[in-house]
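Participant: My structure file target10.pdb, PDB, C-alpha atoms, pLDDT in the B column, is below:
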```
MODEL        1
ATOM      1  CA  MET K   1      12.488 -20.494  15.406  1.00 41.00           C
ATOM      2  CA  SER K   2      12.293 -18.494  12.206  1.00 45.00           C
ATOM      3  CA  GLU K   3       9.197 -16.700  11.039  1.00 48.00           C
ATOM      4  CA  LYS K   4       8.067 -17.367   7.489  1.00 51.00           C
ATOM      5  CA  LEU K   5       6.660 -14.304   5.781  1.00 57.00           C
ATOM      6  CA  CYS K   6       5.223 -14.038   2.340  1.00 67.00           C
ATOM      7  CA  ASP K   7       4.168 -10.743   0.783  1.00 82.00           C
ATOM      8  CA  ARG K   8       1.716 -11.380  -2.001  1.00 92.00           C
ATOM      9  CA  VAL K   9       0.634  -8.640  -4.392  1.00 95.00           C
ATOM     10  CA  LEU K  10      -3.154  -8.681  -4.485  1.00 96.00           C
ATOM     11  CA  ARG K  11      -3.596  -5.669  -6.726  1.00 97.00           C
ATOM     12  CA  LYS K  12      -1.325  -3.398  -8.706  1.00 98.00           C
ATOM     13  CA  GLU K  13      -2.430  -0.211 -10.439  1.00 98.00           C
ATOM     14  CA  GLU K  14      -0.395   2.186 -12.547  1.00 98.00           C
ATOM     15  CA  ARG K  15      -1.382   5.722 -13.446  1.00 98.00           C
ATOM     16  CA  PHE K  16       0.207   8.528 -15.463  1.00 97.00           C
ATOM     17  CA  ASP K  17      -0.545  12.218 -15.017  1.00 96.00           C
ATOM     18  CA  GLU K  18       1.298  15.313 -16.262  1.00 95.00           C
ATOM     19  CA  GLY K  19       4.478  13.348 -16.945  1.00 96.00           C
ATOM     20  CA  ASN K  20       4.529  11.640 -13.531  1.00 97.00           C
ATOM     21  CA  SER K  21       4.067   7.898 -13.161  1.00 98.00           C
ATOM     22  CA  TYR K  22       2.425   6.331 -10.126  1.00 98.00           C
ATOM     23  CA  SER K  23       2.438   2.703  -9.086  1.00 98.00           C
ATOM     24  CA  TYR K  24       0.243   1.377  -6.279  1.00 98.00           C
ATOM     25  CA  GLU K  25       0.339  -2.068  -4.713  1.00 98.00           C
ATOM     26  CA  LEU K  26      -1.960  -3.751  -2.227  1.00 98.00           C
ATOM     27  CA  LEU K  27      -0.030  -6.503  -0.488  1.00 96.00           C
ATOM     28  CA  MET K  28      -1.104  -9.283   1.842  1.00 94.00           C
ATOM     29  CA  ARG K  29       1.153 -11.104   4.260  1.00 88.00           C
ATOM     30  CA  GLU K  30       0.553 -14.084   6.474  1.00 78.00           C
ATOM     31  CA  GLY K  31       3.031 -15.013   9.140  1.00 64.00           C
ATOM     32  CA  ASP K  32       3.160 -18.391  10.797  1.00 63.00           C
ATOM     33  CA  THR K  33       3.757 -17.182  14.359  1.00 61.00           C
ATOM     34  CA  VAL K  34       1.364 -16.832  17.250  1.00 53.00           C
ATOM     35  CA  ALA K  35       2.120 -13.078  17.343  1.00 58.00           C
ATOM     36  CA  ASP K  36       0.433 -12.689  13.964  1.00 61.00           C
ATOM     37  CA  PHE K  37      -2.575 -14.721  15.127  1.00 69.00           C
ATOM     38  CA  LYS K  38      -2.217 -16.291  11.679  1.00 73.00           C
ATOM     39  CA  LEU K  39      -4.344 -13.465  10.286  1.00 82.00           C
ATOM     40  CA  PRO K  40      -3.671 -11.868   6.921  1.00 88.00           C
ATOM     41  CA  LEU K  41      -2.258  -8.364   7.224  1.00 90.00           C
ATOM     42  CA  TYR K  42      -2.537  -5.848   4.406  1.00 93.00           C
ATOM     43  CA  SER K  43       0.028  -3.263   3.332  1.00 95.00           C
ATOM     44  CA  ILE K  44       0.046  -0.456   0.791  1.00 97.00           C
ATOM     45  CA  ARG K  45       2.994   0.644  -1.349  1.00 97.00           C
ATOM     46  CA  VAL K  46       3.119   3.867  -3.362  1.00 98.00           C
ATOM     47  CA  ASP K  47       5.871   4.479  -5.895  1.00 98.00           C
ATOM     48  CA  MET K  48       6.170   7.678  -7.939  1.00 98.00           C
ATOM     49  CA  THR K  49       8.592   8.793 -10.617  1.00 98.00           C
ATOM     50  CA  ASP K  50       8.446  12.481 -11.469  1.00 95.00           C
ATOM     51  CA  THR K  51       9.157  14.210 -14.779  1.00 95.00           C
ATOM     52  CA  ASP K  52      12.854  14.589 -13.847  1.00 95.00           C
ATOM     53  CA  GLY K  53      13.201  10.844 -13.237  1.00 96.00           C
ATOM     54  CA  HIS K  54      13.358  11.102  -9.434  1.00 97.00           C
ATOM     55  CA  ARG K  55      11.759   8.077  -7.791  1.00 98.00           C
ATOM     56  CA  ARG K  56      10.122   8.075  -4.363  1.00 97.00           C
ATOM     57  CA  GLN K  57       8.486   5.218  -2.508  1.00 98.00           C
ATOM     58  CA  ALA K  58       6.499   4.812   0.694  1.00 98.00           C
ATOM     59  CA  ASP K  59       5.116   1.752   2.433  1.00 96.00           C
ATOM     60  CA  ALA K  60       2.397   1.448   5.024  1.00 95.00           C
ATOM     61  CA  ARG K  61       3.109  -2.031   6.393  1.00 92.00           C
ATOM     62  CA  ASP K  62       0.503  -4.209   8.066  1.00 90.00           C
ATOM     63  CA  VAL K  63      -1.983  -1.369   8.576  1.00 92.00           C
ATOM     64  CA  PHE K  64      -5.166  -3.348   7.864  1.00 92.00           C
ATOM     65  CA  SER K  65      -6.402  -6.733   9.016  1.00 88.00           C
ATOM     66  CA  ASN K  66      -9.711  -6.356   7.193  1.00 92.00           C
ATOM     67  CA  ALA K  67      -9.658  -6.991   3.437  1.00 94.00           C
ATOM     68  CA  GLU K  68     -12.648  -4.762   2.657  1.00 96.00           C
ATOM     69  CA  LYS K  69     -11.132  -1.769   4.463  1.00 96.00           C
ATOM     70  CA  ALA K  70      -7.759  -2.359   2.801  1.00 96.00           C
ATOM     71  CA  ILE K  71      -9.357  -2.480  -0.661  1.00 97.00           C
ATOM     72  CA  ALA K  72     -11.451   0.644  -0.023  1.00 97.00           C
ATOM     73  CA  PHE K  73      -8.347   2.551   1.140  1.00 97.00           C
ATOM     74  CA  PHE K  74      -6.352   1.297  -1.842  1.00 98.00           C
ATOM     75  CA  ASP K  75      -9.079   2.410  -4.265  1.00 98.00           C
ATOM     76  CA  LYS K  76      -9.173   5.832  -2.590  1.00 96.00           C
ATOM     77  CA  ILE K  77      -5.444   6.513  -2.936  1.00 97.00           C
ATOM     78  CA  VAL K  78      -5.393   5.315  -6.549  1.00 98.00           C
ATOM     79  CA  ARG K  79      -8.421   7.437  -7.458  1.00 97.00           C
ATOM     80  CA  ASN K  80      -6.837  10.531  -5.886  1.00 96.00           C
ATOM     81  CA  LEU K  81      -3.293   9.900  -7.244  1.00 96.00           C
ATOM     82  CA  ALA K  82      -1.740   9.878  -3.778  1.00 97.00           C
ATOM     83  CA  THR K  83       2.009  10.466  -3.715  1.00 97.00           C
ATOM     84  CA  PRO K  84       4.451   8.690  -1.393  1.00 98.00           C
ATOM     85  CA  ILE K  85       4.513  11.826   0.779  1.00 96.00           C
ATOM     86  CA  ASP K  86       0.694  11.849   0.964  1.00 96.00           C
ATOM     87  CA  LEU K  87       0.402   8.234   2.102  1.00 97.00           C
ATOM     88  CA  ALA K  88       1.129   8.781   5.805  1.00 95.00           C
ATOM     89  CA  TYR K  89      -1.203  11.788   6.029  1.00 96.00           C
ATOM     90  CA  ILE K  90      -4.071  10.024   4.262  1.00 96.00           C
ATOM     91  CA  LEU K  91      -3.607   6.975   6.462  1.00 95.00           C
ATOM     92  CA  GLU K  92      -3.580   9.114   9.609  1.00 94.00           C
ATOM     93  CA  ASP K  93      -6.838  10.801   8.535  1.00 93.00           C
ATOM     94  CA  GLU K  94      -8.363   7.403   7.751  1.00 88.00           C
ATOM     95  CA  MET K  95      -7.510   6.046  11.206  1.00 87.00           C
ATOM     96  CA  ALA K  96      -8.711   9.126  13.121  1.00 83.00           C
TER      97      ALA K  96
ENDMDL
END
```
Produce structure tokens that represent the structure in this file.
Facilitator:
Amino acid sequence: MSEKLCDRVLRKEERFDEGNSYSYELLMREGDTVADFKLPLYSIRVDMTDTDGHRRQADARDVFSNAEKAIAFFDKIVRNLATPIDLAYILEDEMA
């Protein structure tokens, strides 16, 4: 039995600051297996390209099952220009 997954981009924001570009995505995925309880799961992706052209990316996969909490977290990282390195630390603080 194969699991069907579909990541859908719900929101995408781009920001520019001091020569750096930031891209943020809020993704939603629904699996069709019992393990997923057929609930939507929300992920966050942060992509940054610095002034030298170096690109970094970080994903926090399936960290929210509540849309309101996922959106509030997404808005927070966009507002504060979180970097890929920051994502794990901010998420850890959020969950504590």
Participant: Considering all atoms listed in the file, give me a table of residues in segment 20-59 of chain K that are at most 7 Å from segment 71-93 of chain K, with the closest atom pair and distance in Å for each, as a Markdown table.
Facilitator:
```
| residue | atom | partner | partner_atom | distance |
| --- | --- | --- | --- | --- |
| K:Tyr24 | CA | K:Val78 | CA | 6.9 |
| K:Leu26 | CA | K:Phe74 | CA | 6.7 |
| K:Val46 | CA | K:Pro84 | CA | 5.4 |
| K:Asp47 | CA | K:Pro84 | CA | 6.3 |
| K:Met48 | CA | K:Thr83 | CA | 6.6 |
| K:Arg56 | CA | K:Pro84 | CA | 6.4 |
| K:Gln57 | CA | K:Pro84 | CA | 5.4 |
| K:Ala58 | CA | K:Pro84 | CA | 4.9 |
```
Participant: So which one's closest to Asn20 of chain K, K:Asp59, K:Asp52, K:Glu94, K:Glu68? Using all atoms listed in the file, please.
Facilitator: K:Asp52
Participant: Taking all atoms listed in the file into account, name the residue in K:Ala70, K:Ser43, K:Arg55, K:Asp50 that is nearest to Asp17 of chain K.
Facilitator: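 Checking each candidate against Asp17 of chain K, we get K:Asp50 as the closest.
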Participant: What does the distance from atom CA of Ser65 of chain K to atom CA of Lys12 of chain K come to in Å, to one decimal?
Facilitator: 18.7 Å
Participant: Between atom CA of Glu14 of chain K and atom CA of Ala67 of chain K, what is the distance in Å, rounded to a tenth?
Facilitator: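 That distance, rounded to one decimal, is 20.6 Å.
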Participant: Give, as AutoDock Vina command-line options, the centre coordinates and the x, y and z edge lengths in Å to one decimal for an axis-aligned box around all listed atoms of segment 37-43 of chain K, padded by 3 Å on each side.
Facilitator:
```
--center_x -2.2 --center_y -9.8 --center_z 9.2 --size_x 10.4 --size_y 19.0 --size_z 17.8
```
Participant: Can you list, as a PDB file with C-alpha atoms, in the frame of the given file, every protein, DNA or RNA residue that comes within 7 Å of segment 27-30 of chain K when you count all atoms listed in the file, leaving out same-chain residues fewer than 6 positions away?
Facilitator:
```pdb
ATOM      1  CA  LEU K   5       6.660 -14.304   5.781  1.00 57.00           C
ATOM      2  CA  CYS K   6       5.223 -14.038   2.340  1.00 67.00           C
ATOM      3  CA  ASP K   7       4.168 -10.743   0.783  1.00 82.00           C
ATOM      4  CA  ARG K   8       1.716 -11.380  -2.001  1.00 92.00           C
ATOM      5  CA  VAL K   9       0.634  -8.640  -4.392  1.00 95.00           C
ATOM      6  CA  LEU K  10      -3.154  -8.681  -4.485  1.00 96.00           C
ATOM      7  CA  LYS K  38      -2.217 -16.291  11.679  1.00 73.00           C
ATOM      8  CA  LEU K  39      -4.344 -13.465  10.286  1.00 82.00           C
ATOM      9  CA  PRO K  40      -3.671 -11.868   6.921  1.00 88.00           C
ATOM     10  CA  LEU K  41      -2.258  -8.364   7.224  1.00 90.00           C
ATOM     11  CA  TYR K  42      -2.537  -5.848   4.406  1.00 93.00           C
ATOM     12  CA  SER K  43       0.028  -3.263   3.332  1.00 95.00           C
ATOM     13  CA  ILE K  44       0.046  -0.456   0.791  1.00 97.00           C
TER      14      ILE K  44
END
```
Participant: Would you please work out which residue, of K:His54, K:Met95, K:Asn66, K:Thr49, is nearest to Arg15 of chain K when using all atoms listed in the file?
Facilitator: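 So, comparing all the options, the nearest one is K:Thr49.
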Participant: Is there a way to complete segment 54-87 of chain K with N, CA and C atoms and then write that out as a short mmCIF file (atom, residue, chain, number, x, y, z; two decimals), in the frame of the given file?
Facilitator:
```
data_model
loop_
_atom_site.label_atom_id
_atom_site.label_comp_id
_atom_site.auth_asym_id
_atom_site.auth_seq_id
_atom_site.Cartn_x
_atom_site.Cartn_y
_atom_site.Cartn_z
N HIS K 54 13.14 11.39 -10.85
CA HIS K 54 13.36 11.10 -9.43
C HIS K 54 12.27 10.15 -8.95
N ARG K 55 12.70 9.10 -8.27
CA ARG K 55 11.76 8.08 -7.79
C ARG K 55 11.64 8.16 -6.28
N ARG K 56 10.40 8.08 -5.80
CA ARG K 56 10.12 8.07 -4.36
C ARG K 56 9.18 6.91 -4.08
N GLN K 57 9.33 6.34 -2.88
CA GLN K 57 8.49 5.22 -2.51
C GLN K 57 8.12 5.31 -1.04
N ALA K 58 6.93 4.88 -0.70
CA ALA K 58 6.50 4.81 0.69
C ALA K 58 5.69 3.54 0.89
N ASP K 59 5.86 2.96 2.06
CA ASP K 59 5.12 1.75 2.43
C ASP K 59 4.36 2.01 3.72
N ALA K 60 3.16 1.49 3.78
CA ALA K 60 2.40 1.45 5.02
C ALA K 60 2.21 -0.04 5.31
N ARG K 61 3.05 -0.58 6.17
CA ARG K 61 3.11 -2.03 6.39
C ARG K 61 2.11 -2.48 7.45
N ASP K 62 1.39 -3.52 7.12
CA ASP K 62 0.50 -4.21 8.07
C ASP K 62 -0.48 -3.27 8.75
N VAL K 63 -1.09 -2.37 7.99
CA VAL K 63 -1.98 -1.37 8.58
C VAL K 63 -3.45 -1.80 8.60
N PHE K 64 -3.79 -2.86 7.88
CA PHE K 64 -5.17 -3.35 7.86
C PHE K 64 -5.18 -4.85 8.12
N SER K 65 -6.18 -5.29 8.86
CA SER K 65 -6.40 -6.73 9.02
C SER K 65 -7.72 -7.13 8.36
N ASN K 66 -8.44 -6.14 7.85
CA ASN K 66 -9.71 -6.36 7.19
C ASN K 66 -9.55 -6.10 5.70
N ALA K 67 -9.86 -7.11 4.89
CA ALA K 67 -9.66 -6.99 3.44
C ALA K 67 -10.51 -5.89 2.82
N GLU K 68 -11.76 -5.77 3.24
CA GLU K 68 -12.65 -4.76 2.66
C GLU K 68 -12.13 -3.35 2.92
N LYS K 69 -11.66 -3.09 4.13
CA LYS K 69 -11.13 -1.77 4.46
C LYS K 69 -9.84 -1.50 3.70
N ALA K 70 -9.01 -2.52 3.55
CA ALA K 70 -7.76 -2.36 2.80
C ALA K 70 -8.04 -2.03 1.34
N ILE K 71 -9.01 -2.71 0.74
CA ILE K 71 -9.36 -2.48 -0.66
C ILE K 71 -9.96 -1.09 -0.84
N ALA K 72 -10.83 -0.70 0.07
CA ALA K 72 -11.45 0.64 -0.02
C ALA K 72 -10.39 1.73 0.08
N PHE K 73 -9.42 1.57 1.00
CA PHE K 73 -8.35 2.55 1.14
C PHE K 73 -7.48 2.57 -0.11
N PHE K 74 -7.15 1.41 -0.63
CA PHE K 74 -6.35 1.30 -1.84
C PHE K 74 -7.04 2.02 -3.00
N ASP K 75 -8.33 1.76 -3.19
CA ASP K 75 -9.08 2.41 -4.26
C ASP K 75 -9.07 3.93 -4.10
N LYS K 76 -9.17 4.39 -2.87
CA LYS K 76 -9.17 5.83 -2.59
C LYS K 76 -7.85 6.49 -2.98
N ILE K 77 -6.73 5.87 -2.61
CA ILE K 77 -5.44 6.51 -2.94
C ILE K 77 -5.15 6.46 -4.42
N VAL K 78 -5.58 5.40 -5.09
CA VAL K 78 -5.39 5.32 -6.55
C VAL K 78 -6.24 6.38 -7.25
N ARG K 79 -7.49 6.47 -6.85
CA ARG K 79 -8.42 7.44 -7.46
C ARG K 79 -7.92 8.87 -7.31
N ASN K 80 -7.30 9.17 -6.17
CA ASN K 80 -6.84 10.53 -5.89
C ASN K 80 -5.36 10.76 -6.22
N LEU K 81 -4.71 9.81 -6.87
CA LEU K 81 -3.29 9.90 -7.24
C LEU K 81 -2.41 10.32 -6.05
N ALA K 82 -2.55 9.59 -4.96
CA ALA K 82 -1.74 9.88 -3.78
C ALA K 82 -0.26 9.67 -4.09
N THR K 83 0.55 10.57 -3.57
CA THR K 83 2.01 10.47 -3.72
C THR K 83 2.58 9.73 -2.50
N PRO K 84 3.84 9.31 -2.56
CA PRO K 84 4.45 8.69 -1.39
C PRO K 84 4.41 9.59 -0.15
N ILE K 85 4.57 10.89 -0.35
CA ILE K 85 4.51 11.83 0.78
C ILE K 85 3.10 11.87 1.36
N ASP K 86 2.09 11.80 0.52
CA ASP K 86 0.69 11.85 0.96
C ASP K 86 0.27 10.64 1.79
N LEU K 87 0.88 9.49 1.54
CA LEU K 87 0.40 8.23 2.10
C LEU K 87 0.23 8.28 3.62
#
```
